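**Q** See work.txt below, with compact mmCIF, N, CA and C atoms and all ligand atoms.
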```txt
# COMPACT_ATOMS: atom_id res chain seq x y z
N MET R 1 112.74 95.61 111.69
CA MET R 1 111.52 94.78 111.81
C MET R 1 110.29 95.55 111.35
N GLY R 2 110.07 96.66 111.99
CA GLY R 2 108.93 97.51 111.63
C GLY R 2 108.99 97.92 110.17
N ARG R 3 110.18 98.20 109.73
CA ARG R 3 110.38 98.61 108.35
C ARG R 3 109.92 97.53 107.36
N LYS R 4 110.28 96.29 107.66
CA LYS R 4 109.90 95.18 106.78
C LYS R 4 108.39 95.03 106.71
N LYS R 5 107.78 95.16 107.86
CA LYS R 5 106.34 94.96 107.94
C LYS R 5 105.58 95.95 107.04
N ILE R 6 106.15 97.13 106.89
CA ILE R 6 105.48 98.17 106.14
C ILE R 6 105.52 97.91 104.62
N TYR R 7 106.54 97.18 104.16
CA TYR R 7 106.65 96.90 102.73
C TYR R 7 105.91 95.63 102.35
N THR R 8 104.62 95.70 102.39
CA THR R 8 103.79 94.54 102.06
C THR R 8 102.96 94.86 100.82
N GLU R 9 102.27 93.85 100.30
CA GLU R 9 101.36 94.05 99.17
C GLU R 9 100.28 95.07 99.53
N ASP R 10 99.84 95.02 100.80
CA ASP R 10 98.77 95.91 101.25
C ASP R 10 99.15 97.38 101.21
N THR R 11 100.41 97.66 101.37
CA THR R 11 100.82 99.06 101.40
C THR R 11 101.43 99.51 100.07
N LYS R 12 101.43 98.59 99.11
CA LYS R 12 102.06 98.89 97.83
C LYS R 12 101.44 100.14 97.17
N TRP R 13 100.13 100.22 97.20
CA TRP R 13 99.47 101.36 96.55
C TRP R 13 99.80 102.67 97.27
N LEU R 14 99.96 102.60 98.59
CA LEU R 14 100.32 103.81 99.35
C LEU R 14 101.74 104.24 99.00
N ARG R 15 102.60 103.27 98.84
CA ARG R 15 103.98 103.58 98.46
C ARG R 15 104.03 104.19 97.07
N GLN R 16 103.15 103.69 96.19
CA GLN R 16 103.09 104.26 94.84
C GLN R 16 102.62 105.71 94.89
N ILE R 17 101.60 105.97 95.69
CA ILE R 17 101.11 107.35 95.83
C ILE R 17 102.23 108.22 96.38
N TYR R 18 102.89 107.74 97.41
CA TYR R 18 103.99 108.49 98.01
C TYR R 18 105.03 108.84 96.95
N ASN R 19 105.43 107.85 96.18
CA ASN R 19 106.47 108.08 95.16
C ASN R 19 106.02 109.06 94.09
N ASN R 20 104.74 108.95 93.71
CA ASN R 20 104.22 109.91 92.72
C ASN R 20 104.23 111.32 93.26
N LYS R 21 103.89 111.45 94.54
CA LYS R 21 103.79 112.79 95.14
C LYS R 21 105.16 113.35 95.52
N LYS R 22 106.15 112.53 95.47
CA LYS R 22 107.49 112.99 95.81
C LYS R 22 108.06 113.91 94.73
N THR R 23 107.70 113.58 93.51
CA THR R 23 108.25 114.34 92.39
C THR R 23 107.44 115.58 92.06
N GLU R 24 106.25 115.65 92.63
CA GLU R 24 105.37 116.78 92.35
C GLU R 24 105.86 118.05 93.07
N ASN R 25 105.46 119.19 92.56
CA ASN R 25 105.79 120.45 93.23
C ASN R 25 105.16 120.48 94.62
N GLY R 26 105.95 120.75 95.63
CA GLY R 26 105.43 120.71 97.00
C GLY R 26 105.28 119.29 97.51
N GLY R 27 105.89 118.35 96.80
CA GLY R 27 105.77 116.93 97.15
C GLY R 27 106.50 116.59 98.45
N PHE R 28 106.32 115.34 98.89
CA PHE R 28 106.94 114.90 100.14
C PHE R 28 108.44 115.17 100.10
N SER R 29 108.97 115.79 101.14
CA SER R 29 110.42 115.89 101.23
C SER R 29 110.94 115.47 102.60
N LYS R 30 110.27 115.94 103.67
CA LYS R 30 110.71 115.54 105.01
C LYS R 30 110.02 114.26 105.47
N VAL R 31 108.74 114.15 105.12
CA VAL R 31 107.98 112.97 105.53
C VAL R 31 108.48 111.75 104.74
N THR R 32 108.74 110.66 105.45
CA THR R 32 109.23 109.44 104.79
C THR R 32 108.06 108.54 104.38
N THR R 33 108.36 107.56 103.56
CA THR R 33 107.34 106.59 103.15
C THR R 33 106.67 105.96 104.37
N ILE R 34 107.51 105.58 105.33
CA ILE R 34 106.98 104.92 106.52
C ILE R 34 106.06 105.85 107.30
N GLU R 35 106.46 107.09 107.44
CA GLU R 35 105.60 108.06 108.14
C GLU R 35 104.28 108.25 107.41
N PHE R 36 104.35 108.25 106.10
CA PHE R 36 103.12 108.39 105.31
C PHE R 36 102.22 107.17 105.50
N ILE R 37 102.80 105.99 105.46
CA ILE R 37 102.02 104.77 105.64
C ILE R 37 101.42 104.71 107.05
N GLU R 38 102.18 105.20 108.02
CA GLU R 38 101.66 105.24 109.39
C GLU R 38 100.55 106.28 109.55
N TRP R 39 100.64 107.33 108.74
CA TRP R 39 99.58 108.35 108.75
C TRP R 39 98.26 107.77 108.24
N PHE R 40 98.36 106.82 107.30
CA PHE R 40 97.16 106.25 106.69
C PHE R 40 96.27 105.60 107.74
N ASP R 41 95.02 105.98 107.69
CA ASP R 41 94.04 105.45 108.63
C ASP R 41 92.91 104.81 107.83
N GLN R 42 92.82 103.49 107.90
CA GLN R 42 91.82 102.76 107.12
C GLN R 42 90.40 103.24 107.40
N SER R 43 90.12 103.58 108.67
CA SER R 43 88.75 103.97 109.00
C SER R 43 88.39 105.33 108.38
N VAL R 44 89.39 106.19 108.24
CA VAL R 44 89.15 107.48 107.57
C VAL R 44 88.91 107.23 106.08
N TYR R 45 89.75 106.37 105.51
CA TYR R 45 89.62 106.03 104.09
C TYR R 45 88.24 105.41 103.81
N ASP R 46 87.80 104.55 104.72
CA ASP R 46 86.52 103.86 104.54
C ASP R 46 85.32 104.81 104.58
N LYS R 47 85.49 105.95 105.22
CA LYS R 47 84.39 106.94 105.27
C LYS R 47 84.14 107.57 103.91
N GLY R 48 85.12 107.47 103.04
CA GLY R 48 84.92 107.96 101.68
C GLY R 48 85.46 109.36 101.44
N CYS R 49 85.10 109.90 100.30
CA CYS R 49 85.57 111.22 99.86
C CYS R 49 85.30 112.28 100.92
N CYS R 50 86.30 113.07 101.23
CA CYS R 50 86.15 114.08 102.28
C CYS R 50 85.19 115.19 101.87
N TYR R 51 84.81 115.23 100.62
CA TYR R 51 83.85 116.25 100.17
C TYR R 51 82.45 115.68 99.98
N CYS R 52 82.32 114.65 99.15
CA CYS R 52 80.97 114.16 98.82
C CYS R 52 80.62 112.85 99.51
N GLY R 53 81.61 112.18 100.10
CA GLY R 53 81.33 110.95 100.82
C GLY R 53 81.32 109.69 99.95
N THR R 54 81.60 109.84 98.66
CA THR R 54 81.68 108.66 97.79
C THR R 54 82.77 107.72 98.32
N THR R 55 82.40 106.47 98.45
CA THR R 55 83.35 105.51 99.03
C THR R 55 84.20 104.86 97.95
N HIS R 56 85.22 104.21 98.41
CA HIS R 56 86.09 103.41 97.54
C HIS R 56 85.26 102.40 96.74
N GLU R 57 84.30 101.76 97.40
CA GLU R 57 83.50 100.72 96.75
C GLU R 57 82.68 101.31 95.59
N THR R 58 82.08 102.48 95.85
CA THR R 58 81.29 103.13 94.80
C THR R 58 82.18 103.52 93.63
N SER R 59 83.31 104.10 93.97
CA SER R 59 84.23 104.53 92.95
C SER R 59 84.69 103.34 92.11
N LYS R 60 84.98 102.25 92.78
CA LYS R 60 85.45 101.05 92.09
C LYS R 60 84.36 100.45 91.22
N LYS R 61 83.12 100.51 91.72
CA LYS R 61 81.99 99.98 90.96
C LYS R 61 81.84 100.73 89.62
N ILE R 62 81.94 102.05 89.70
CA ILE R 62 81.84 102.86 88.48
C ILE R 62 83.03 102.55 87.57
N PHE R 63 84.18 102.43 88.15
CA PHE R 63 85.38 102.11 87.38
C PHE R 63 85.24 100.75 86.68
N ASP R 64 84.84 99.73 87.43
CA ASP R 64 84.71 98.38 86.86
C ASP R 64 83.65 98.35 85.77
N PHE R 65 82.54 99.05 86.03
CA PHE R 65 81.46 99.04 85.05
C PHE R 65 81.91 99.72 83.76
N GLN R 66 82.65 100.76 83.90
CA GLN R 66 83.18 101.46 82.74
C GLN R 66 84.04 100.53 81.89
N ILE R 67 84.82 99.72 82.57
CA ILE R 67 85.70 98.82 81.85
C ILE R 67 84.90 97.72 81.13
N ILE R 68 83.88 97.16 81.81
CA ILE R 68 83.11 96.08 81.15
C ILE R 68 82.22 96.64 80.05
N SER R 69 81.56 97.74 80.34
CA SER R 69 80.54 98.22 79.40
C SER R 69 81.12 99.09 78.30
N LYS R 70 82.29 99.61 78.51
CA LYS R 70 82.90 100.59 77.60
C LYS R 70 81.93 101.74 77.32
N GLY R 71 81.04 101.94 78.26
CA GLY R 71 79.95 102.88 78.03
C GLY R 71 80.26 104.34 78.30
N ARG R 72 81.39 104.60 78.87
CA ARG R 72 81.69 105.97 79.24
C ARG R 72 83.05 106.40 78.72
N LEU R 73 83.15 107.68 78.54
CA LEU R 73 84.44 108.19 78.11
C LEU R 73 85.47 107.91 79.18
N ASP R 74 86.64 107.63 78.73
CA ASP R 74 87.71 107.31 79.66
C ASP R 74 88.29 108.58 80.28
N ALA R 75 87.94 108.79 81.51
CA ALA R 75 88.46 109.96 82.22
C ALA R 75 89.44 109.50 83.27
N THR R 76 90.01 108.34 83.03
CA THR R 76 90.76 107.69 84.10
C THR R 76 92.27 107.79 83.95
N ARG R 77 92.72 108.58 82.98
CA ARG R 77 94.15 108.67 82.71
C ARG R 77 94.75 107.28 82.55
N GLY R 78 94.36 106.66 81.45
CA GLY R 78 94.90 105.32 81.18
C GLY R 78 94.38 104.29 82.16
N LYS R 79 93.16 104.49 82.61
CA LYS R 79 92.45 103.53 83.47
C LYS R 79 93.10 103.31 84.83
N HIS R 80 93.93 104.23 85.24
CA HIS R 80 94.54 104.08 86.56
C HIS R 80 93.78 104.83 87.64
N ARG R 81 92.95 105.78 87.23
CA ARG R 81 92.25 106.55 88.24
C ARG R 81 90.86 105.97 88.49
N MET R 82 90.21 106.46 89.50
CA MET R 82 88.83 106.15 89.87
C MET R 82 88.65 104.92 90.72
N HIS R 83 89.51 103.93 90.59
CA HIS R 83 89.21 102.73 91.38
C HIS R 83 89.68 102.87 92.81
N ARG R 84 90.37 103.94 93.10
CA ARG R 84 90.69 104.23 94.50
C ARG R 84 90.43 105.71 94.75
N LEU R 85 90.25 106.03 96.02
CA LEU R 85 90.18 107.44 96.36
C LEU R 85 91.58 108.03 96.17
N GLU R 86 91.61 109.32 95.94
CA GLU R 86 92.89 109.97 95.64
C GLU R 86 93.35 110.85 96.80
N LEU R 87 94.65 110.96 96.91
CA LEU R 87 95.21 111.78 97.98
C LEU R 87 94.99 113.25 97.65
N GLU R 88 94.42 113.95 98.57
CA GLU R 88 93.99 115.32 98.34
C GLU R 88 94.65 116.27 99.33
N ARG R 89 95.13 117.39 98.83
CA ARG R 89 95.59 118.45 99.73
C ARG R 89 94.43 119.41 99.89
N VAL R 90 93.90 119.49 101.09
CA VAL R 90 92.72 120.32 101.31
C VAL R 90 93.04 121.78 100.98
N ILE R 91 94.14 122.29 101.53
CA ILE R 91 94.64 123.60 101.11
C ILE R 91 95.69 123.29 100.04
N PRO R 92 95.39 123.62 98.78
CA PRO R 92 96.20 123.09 97.68
C PRO R 92 97.67 123.52 97.67
N ASN R 93 97.98 124.68 98.19
CA ASN R 93 99.38 125.09 98.10
C ASN R 93 100.22 124.72 99.32
N GLU R 94 99.63 123.97 100.22
CA GLU R 94 100.40 123.43 101.35
C GLU R 94 101.24 122.25 100.86
N PRO R 95 102.48 122.12 101.32
CA PRO R 95 103.26 120.95 100.90
C PRO R 95 102.66 119.64 101.44
N TYR R 96 102.96 118.55 100.75
CA TYR R 96 102.46 117.24 101.19
C TYR R 96 102.97 116.87 102.58
N ASP R 97 104.11 117.45 102.95
CA ASP R 97 104.65 117.16 104.28
C ASP R 97 103.71 117.56 105.41
N ASN R 98 102.81 118.47 105.15
CA ASN R 98 101.81 118.83 106.15
C ASN R 98 100.71 117.76 106.15
N LEU R 99 100.95 116.70 106.91
CA LEU R 99 100.04 115.54 106.89
C LEU R 99 98.63 115.89 107.34
N LYS R 100 98.52 116.92 108.19
CA LYS R 100 97.19 117.32 108.67
C LYS R 100 96.32 117.88 107.56
N ASN R 101 96.96 118.30 106.50
CA ASN R 101 96.24 118.88 105.37
C ASN R 101 95.82 117.83 104.35
N LEU R 102 96.24 116.59 104.56
CA LEU R 102 95.93 115.55 103.58
C LEU R 102 94.62 114.85 103.90
N ALA R 103 93.91 114.52 102.86
CA ALA R 103 92.63 113.82 103.01
C ALA R 103 92.44 112.94 101.78
N TRP R 104 91.33 112.20 101.76
CA TRP R 104 91.02 111.37 100.59
C TRP R 104 89.83 111.93 99.86
N ALA R 105 89.95 112.02 98.55
CA ALA R 105 88.84 112.55 97.76
C ALA R 105 88.58 111.61 96.59
N CYS R 106 87.33 111.59 96.13
CA CYS R 106 87.02 110.79 94.96
C CYS R 106 87.63 111.49 93.74
N HIS R 107 87.78 110.71 92.69
CA HIS R 107 88.34 111.20 91.43
C HIS R 107 87.60 112.46 90.95
N TRP R 108 86.28 112.45 91.07
CA TRP R 108 85.47 113.52 90.49
C TRP R 108 85.60 114.81 91.29
N CYS R 109 85.59 114.70 92.61
CA CYS R 109 85.77 115.90 93.44
C CYS R 109 87.19 116.44 93.27
N ASN R 110 88.14 115.54 93.27
CA ASN R 110 89.54 115.95 93.15
C ASN R 110 89.75 116.74 91.85
N ASN R 111 89.17 116.20 90.78
CA ASN R 111 89.27 116.86 89.48
C ASN R 111 88.59 118.22 89.48
N ALA R 112 87.38 118.26 90.02
CA ALA R 112 86.58 119.49 89.96
C ALA R 112 87.13 120.57 90.89
N LYS R 113 87.62 120.16 92.03
CA LYS R 113 88.12 121.16 92.98
C LYS R 113 89.42 121.76 92.45
N SER R 114 90.19 120.94 91.77
CA SER R 114 91.50 121.31 91.22
C SER R 114 92.31 122.07 92.26
N ASN R 115 93.09 123.00 91.83
CA ASN R 115 93.85 123.78 92.82
C ASN R 115 93.19 125.14 93.03
N PHE R 116 91.95 125.23 92.62
CA PHE R 116 91.31 126.54 92.58
C PHE R 116 90.39 126.80 93.77
N PHE R 117 89.42 125.92 93.98
CA PHE R 117 88.43 126.18 95.03
C PHE R 117 88.97 125.86 96.41
N THR R 118 88.55 126.65 97.38
CA THR R 118 88.84 126.29 98.76
C THR R 118 87.79 125.25 99.18
N LYS R 119 88.08 124.57 100.27
CA LYS R 119 87.13 123.58 100.79
C LYS R 119 85.76 124.22 101.04
N GLU R 120 85.80 125.43 101.59
CA GLU R 120 84.56 126.14 101.94
C GLU R 120 83.73 126.48 100.70
N GLU R 121 84.41 126.81 99.63
CA GLU R 121 83.69 127.12 98.38
C GLU R 121 83.18 125.84 97.72
N PHE R 122 83.98 124.80 97.86
CA PHE R 122 83.70 123.57 97.12
C PHE R 122 82.64 122.70 97.77
N LYS R 123 82.77 122.55 99.08
CA LYS R 123 81.98 121.53 99.76
C LYS R 123 80.45 121.69 99.71
N PRO R 124 79.91 122.85 100.04
CA PRO R 124 78.45 122.85 100.15
C PRO R 124 77.71 122.70 98.82
N VAL R 125 78.28 123.20 97.74
CA VAL R 125 77.51 123.22 96.49
C VAL R 125 78.03 122.19 95.49
N ILE R 126 79.29 122.30 95.14
CA ILE R 126 79.81 121.50 94.03
C ILE R 126 79.87 120.02 94.41
N SER R 127 80.37 119.72 95.60
CA SER R 127 80.48 118.30 95.96
C SER R 127 79.10 117.66 96.14
N ASP R 128 78.13 118.44 96.58
CA ASP R 128 76.76 117.90 96.68
C ASP R 128 76.21 117.57 95.30
N ALA R 129 76.50 118.43 94.34
CA ALA R 129 76.04 118.19 92.96
C ALA R 129 76.72 116.95 92.39
N ILE R 130 78.00 116.80 92.67
CA ILE R 130 78.74 115.62 92.20
C ILE R 130 78.12 114.35 92.78
N LYS R 131 77.79 114.41 94.06
CA LYS R 131 77.20 113.25 94.74
C LYS R 131 75.86 112.87 94.09
N ILE R 132 75.05 113.87 93.79
CA ILE R 132 73.74 113.60 93.15
C ILE R 132 73.96 112.92 91.79
N ALA R 133 74.90 113.46 91.02
CA ALA R 133 75.18 112.89 89.69
C ALA R 133 75.72 111.46 89.81
N LEU R 134 76.61 111.25 90.75
CA LEU R 134 77.18 109.90 90.92
C LEU R 134 76.13 108.90 91.38
N ASP R 135 75.24 109.36 92.28
CA ASP R 135 74.16 108.47 92.74
C ASP R 135 73.30 108.00 91.57
N LYS R 136 73.01 108.91 90.63
CA LYS R 136 72.21 108.55 89.45
C LYS R 136 72.96 107.54 88.60
N ILE R 137 74.24 107.73 88.44
CA ILE R 137 75.05 106.79 87.64
C ILE R 137 75.04 105.40 88.29
N ILE R 138 75.20 105.40 89.61
CA ILE R 138 75.18 104.13 90.34
C ILE R 138 73.81 103.44 90.18
N GLU R 139 72.75 104.23 90.23
CA GLU R 139 71.40 103.69 90.04
C GLU R 139 71.30 103.01 88.66
N GLU R 140 71.79 103.69 87.64
CA GLU R 140 71.78 103.12 86.26
C GLU R 140 72.59 101.83 86.21
N ILE R 141 73.74 101.85 86.83
CA ILE R 141 74.61 100.66 86.82
C ILE R 141 73.90 99.50 87.51
N ASP R 142 73.29 99.78 88.66
CA ASP R 142 72.61 98.73 89.41
C ASP R 142 71.47 98.13 88.59
N LYS R 143 70.73 98.99 87.87
CA LYS R 143 69.64 98.51 87.01
C LYS R 143 70.19 97.60 85.93
N LYS R 144 71.27 98.03 85.28
CA LYS R 144 71.87 97.25 84.20
C LYS R 144 72.41 95.92 84.72
N ILE R 145 73.01 95.94 85.86
CA ILE R 145 73.55 94.70 86.44
C ILE R 145 72.41 93.73 86.71
N LYS R 146 71.30 94.28 87.20
CA LYS R 146 70.13 93.47 87.54
C LYS R 146 69.54 92.77 86.32
N TYR R 147 69.51 93.48 85.17
CA TYR R 147 68.83 92.92 84.00
C TYR R 147 69.76 92.18 83.05
N GLU R 148 71.03 92.15 83.37
CA GLU R 148 71.96 91.49 82.44
C GLU R 148 71.94 89.98 82.58
ZN ZN H 201 83.84 113.27 96.08
```
Once more with this new file: its structure as structure tokens, please.
Ligand SMILES: [Zn+2]

**A**
Amino acid sequence: MGRKKIYTEDTKWLRQIYNNKKTENGGFSKVTTIEFIEWFDQSVYDKGCCYCGTTHETSKKIFDFQIISKGRLDATRGKHRMHRLELERVIPNEPYDNLKNLAWACHWCNNAKSNFFTKEEFKPVISDAIKIALDKIIEEIDKKIKYE
């Protein structure tokens, strides 16, 4: 019963993330799809990127605008990235099975942090700069939407 409930349209994207991370080095091995879906907390996701605070809505707005305006270089890996927050390993070399180490990050923080910076190195300076840059982009988008 519980198993069926978990395989819904709403959890499809989580299952896709799980499957993608299964094949990756250090990917899920002990944690099951169901455990991963149960780990997911909508209220945590809604708070936005664990580094800069960019929300899903902001990320999606930039993504959608990019698609309509064709105004920006495609950094989306075939337009699949950016419209959702991405699963992030805070300590990069920890396996995905360590659910406590998992968080949500925006595309830009995830890319910039890569597997190199620690959270402590990344958060105070780089993620703040990303947030400032993204806020300016959102401002431009809002202006363009207003005058179109
Ligand atoms: Zn971010």

**Q** Given all atoms listed in the file as the basis, pick out the residue of R:Leu99, R:Cys106, R:Ile17, R:Phe40 nearest to His56 of chain R.

**A**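 Of the candidates, the smallest distance to His56 of chain R is held by R:Cys106.
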
**Q** Using backbone DSSP assignments, extract all alpha helix (DSSP H) residues from chain R; output them as a PyMOL selection string.

**A** chain R and resi 2-6+12-23+33-39+42-46+56-69+107-113+119-122+128-147

**Q** Could you give me the residues within 6 Å of ligand ZN 201 (chain H), counting all atoms listed in the file, as a ChimeraX atom specification?

**A** /R:49-54,105-110

**Q** Atom N of Tyr7 of chain R to atom CA of Ile34 of chain R: how many Å, to one decimal?

**A**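 Between atom N of Tyr7 of chain R and atom CA of Ile34 of chain R the gap works out to 8.1 Å.
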
**Q** Using atom N of Glu86 of chain R and atom C of Asp142 of chain R as the two end points, give the distance in Å to one decimal.

**A**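 Distance between the two atoms: 24.2 Å.
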
**Q** Rounded to one decimal place, report the atom C of Phe65 of chain R-atom C of Leu85 of chain R distance in Å.

**A** 17.8 Å

**Q** If we count only C-alpha atoms, what is near Asp46 of chain R at a cut-off of 9 Å, once residues fewer than 4 positions away on the same chain are taken out, given as JSON, numbers by chain?

**A** {"R": [41, 42, 55, 56, 57]}

**Q** Now that the selection is made, can you save its residues with N, CA and C atoms as a compact mmCIF listing (two decimals), in the coordinates of the input?

**A**
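Writing the result to result-v4.txt gives the following:
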```txt
# COMPACT_ATOMS: atom_id res chain seq x y z
N ASP R 41 95.02 105.98 107.69
CA ASP R 41 94.04 105.45 108.63
C ASP R 41 92.91 104.81 107.83
N GLN R 42 92.82 103.49 107.90
CA GLN R 42 91.82 102.76 107.12
C GLN R 42 90.40 103.24 107.40
N THR R 55 82.40 106.47 98.45
CA THR R 55 83.35 105.51 99.03
C THR R 55 84.20 104.86 97.95
N HIS R 56 85.22 104.21 98.41
CA HIS R 56 86.09 103.41 97.54
C HIS R 56 85.26 102.40 96.74
N GLU R 57 84.30 101.76 97.40
CA GLU R 57 83.50 100.72 96.75
C GLU R 57 82.68 101.31 95.59
```

**Q** Going by DSSP on the backbone, which bits of segment 27-147 of chain R are strand (DSSP E or B)? Write them as a ChimeraX atom specification, please.

**A** /R:86-89,102-105
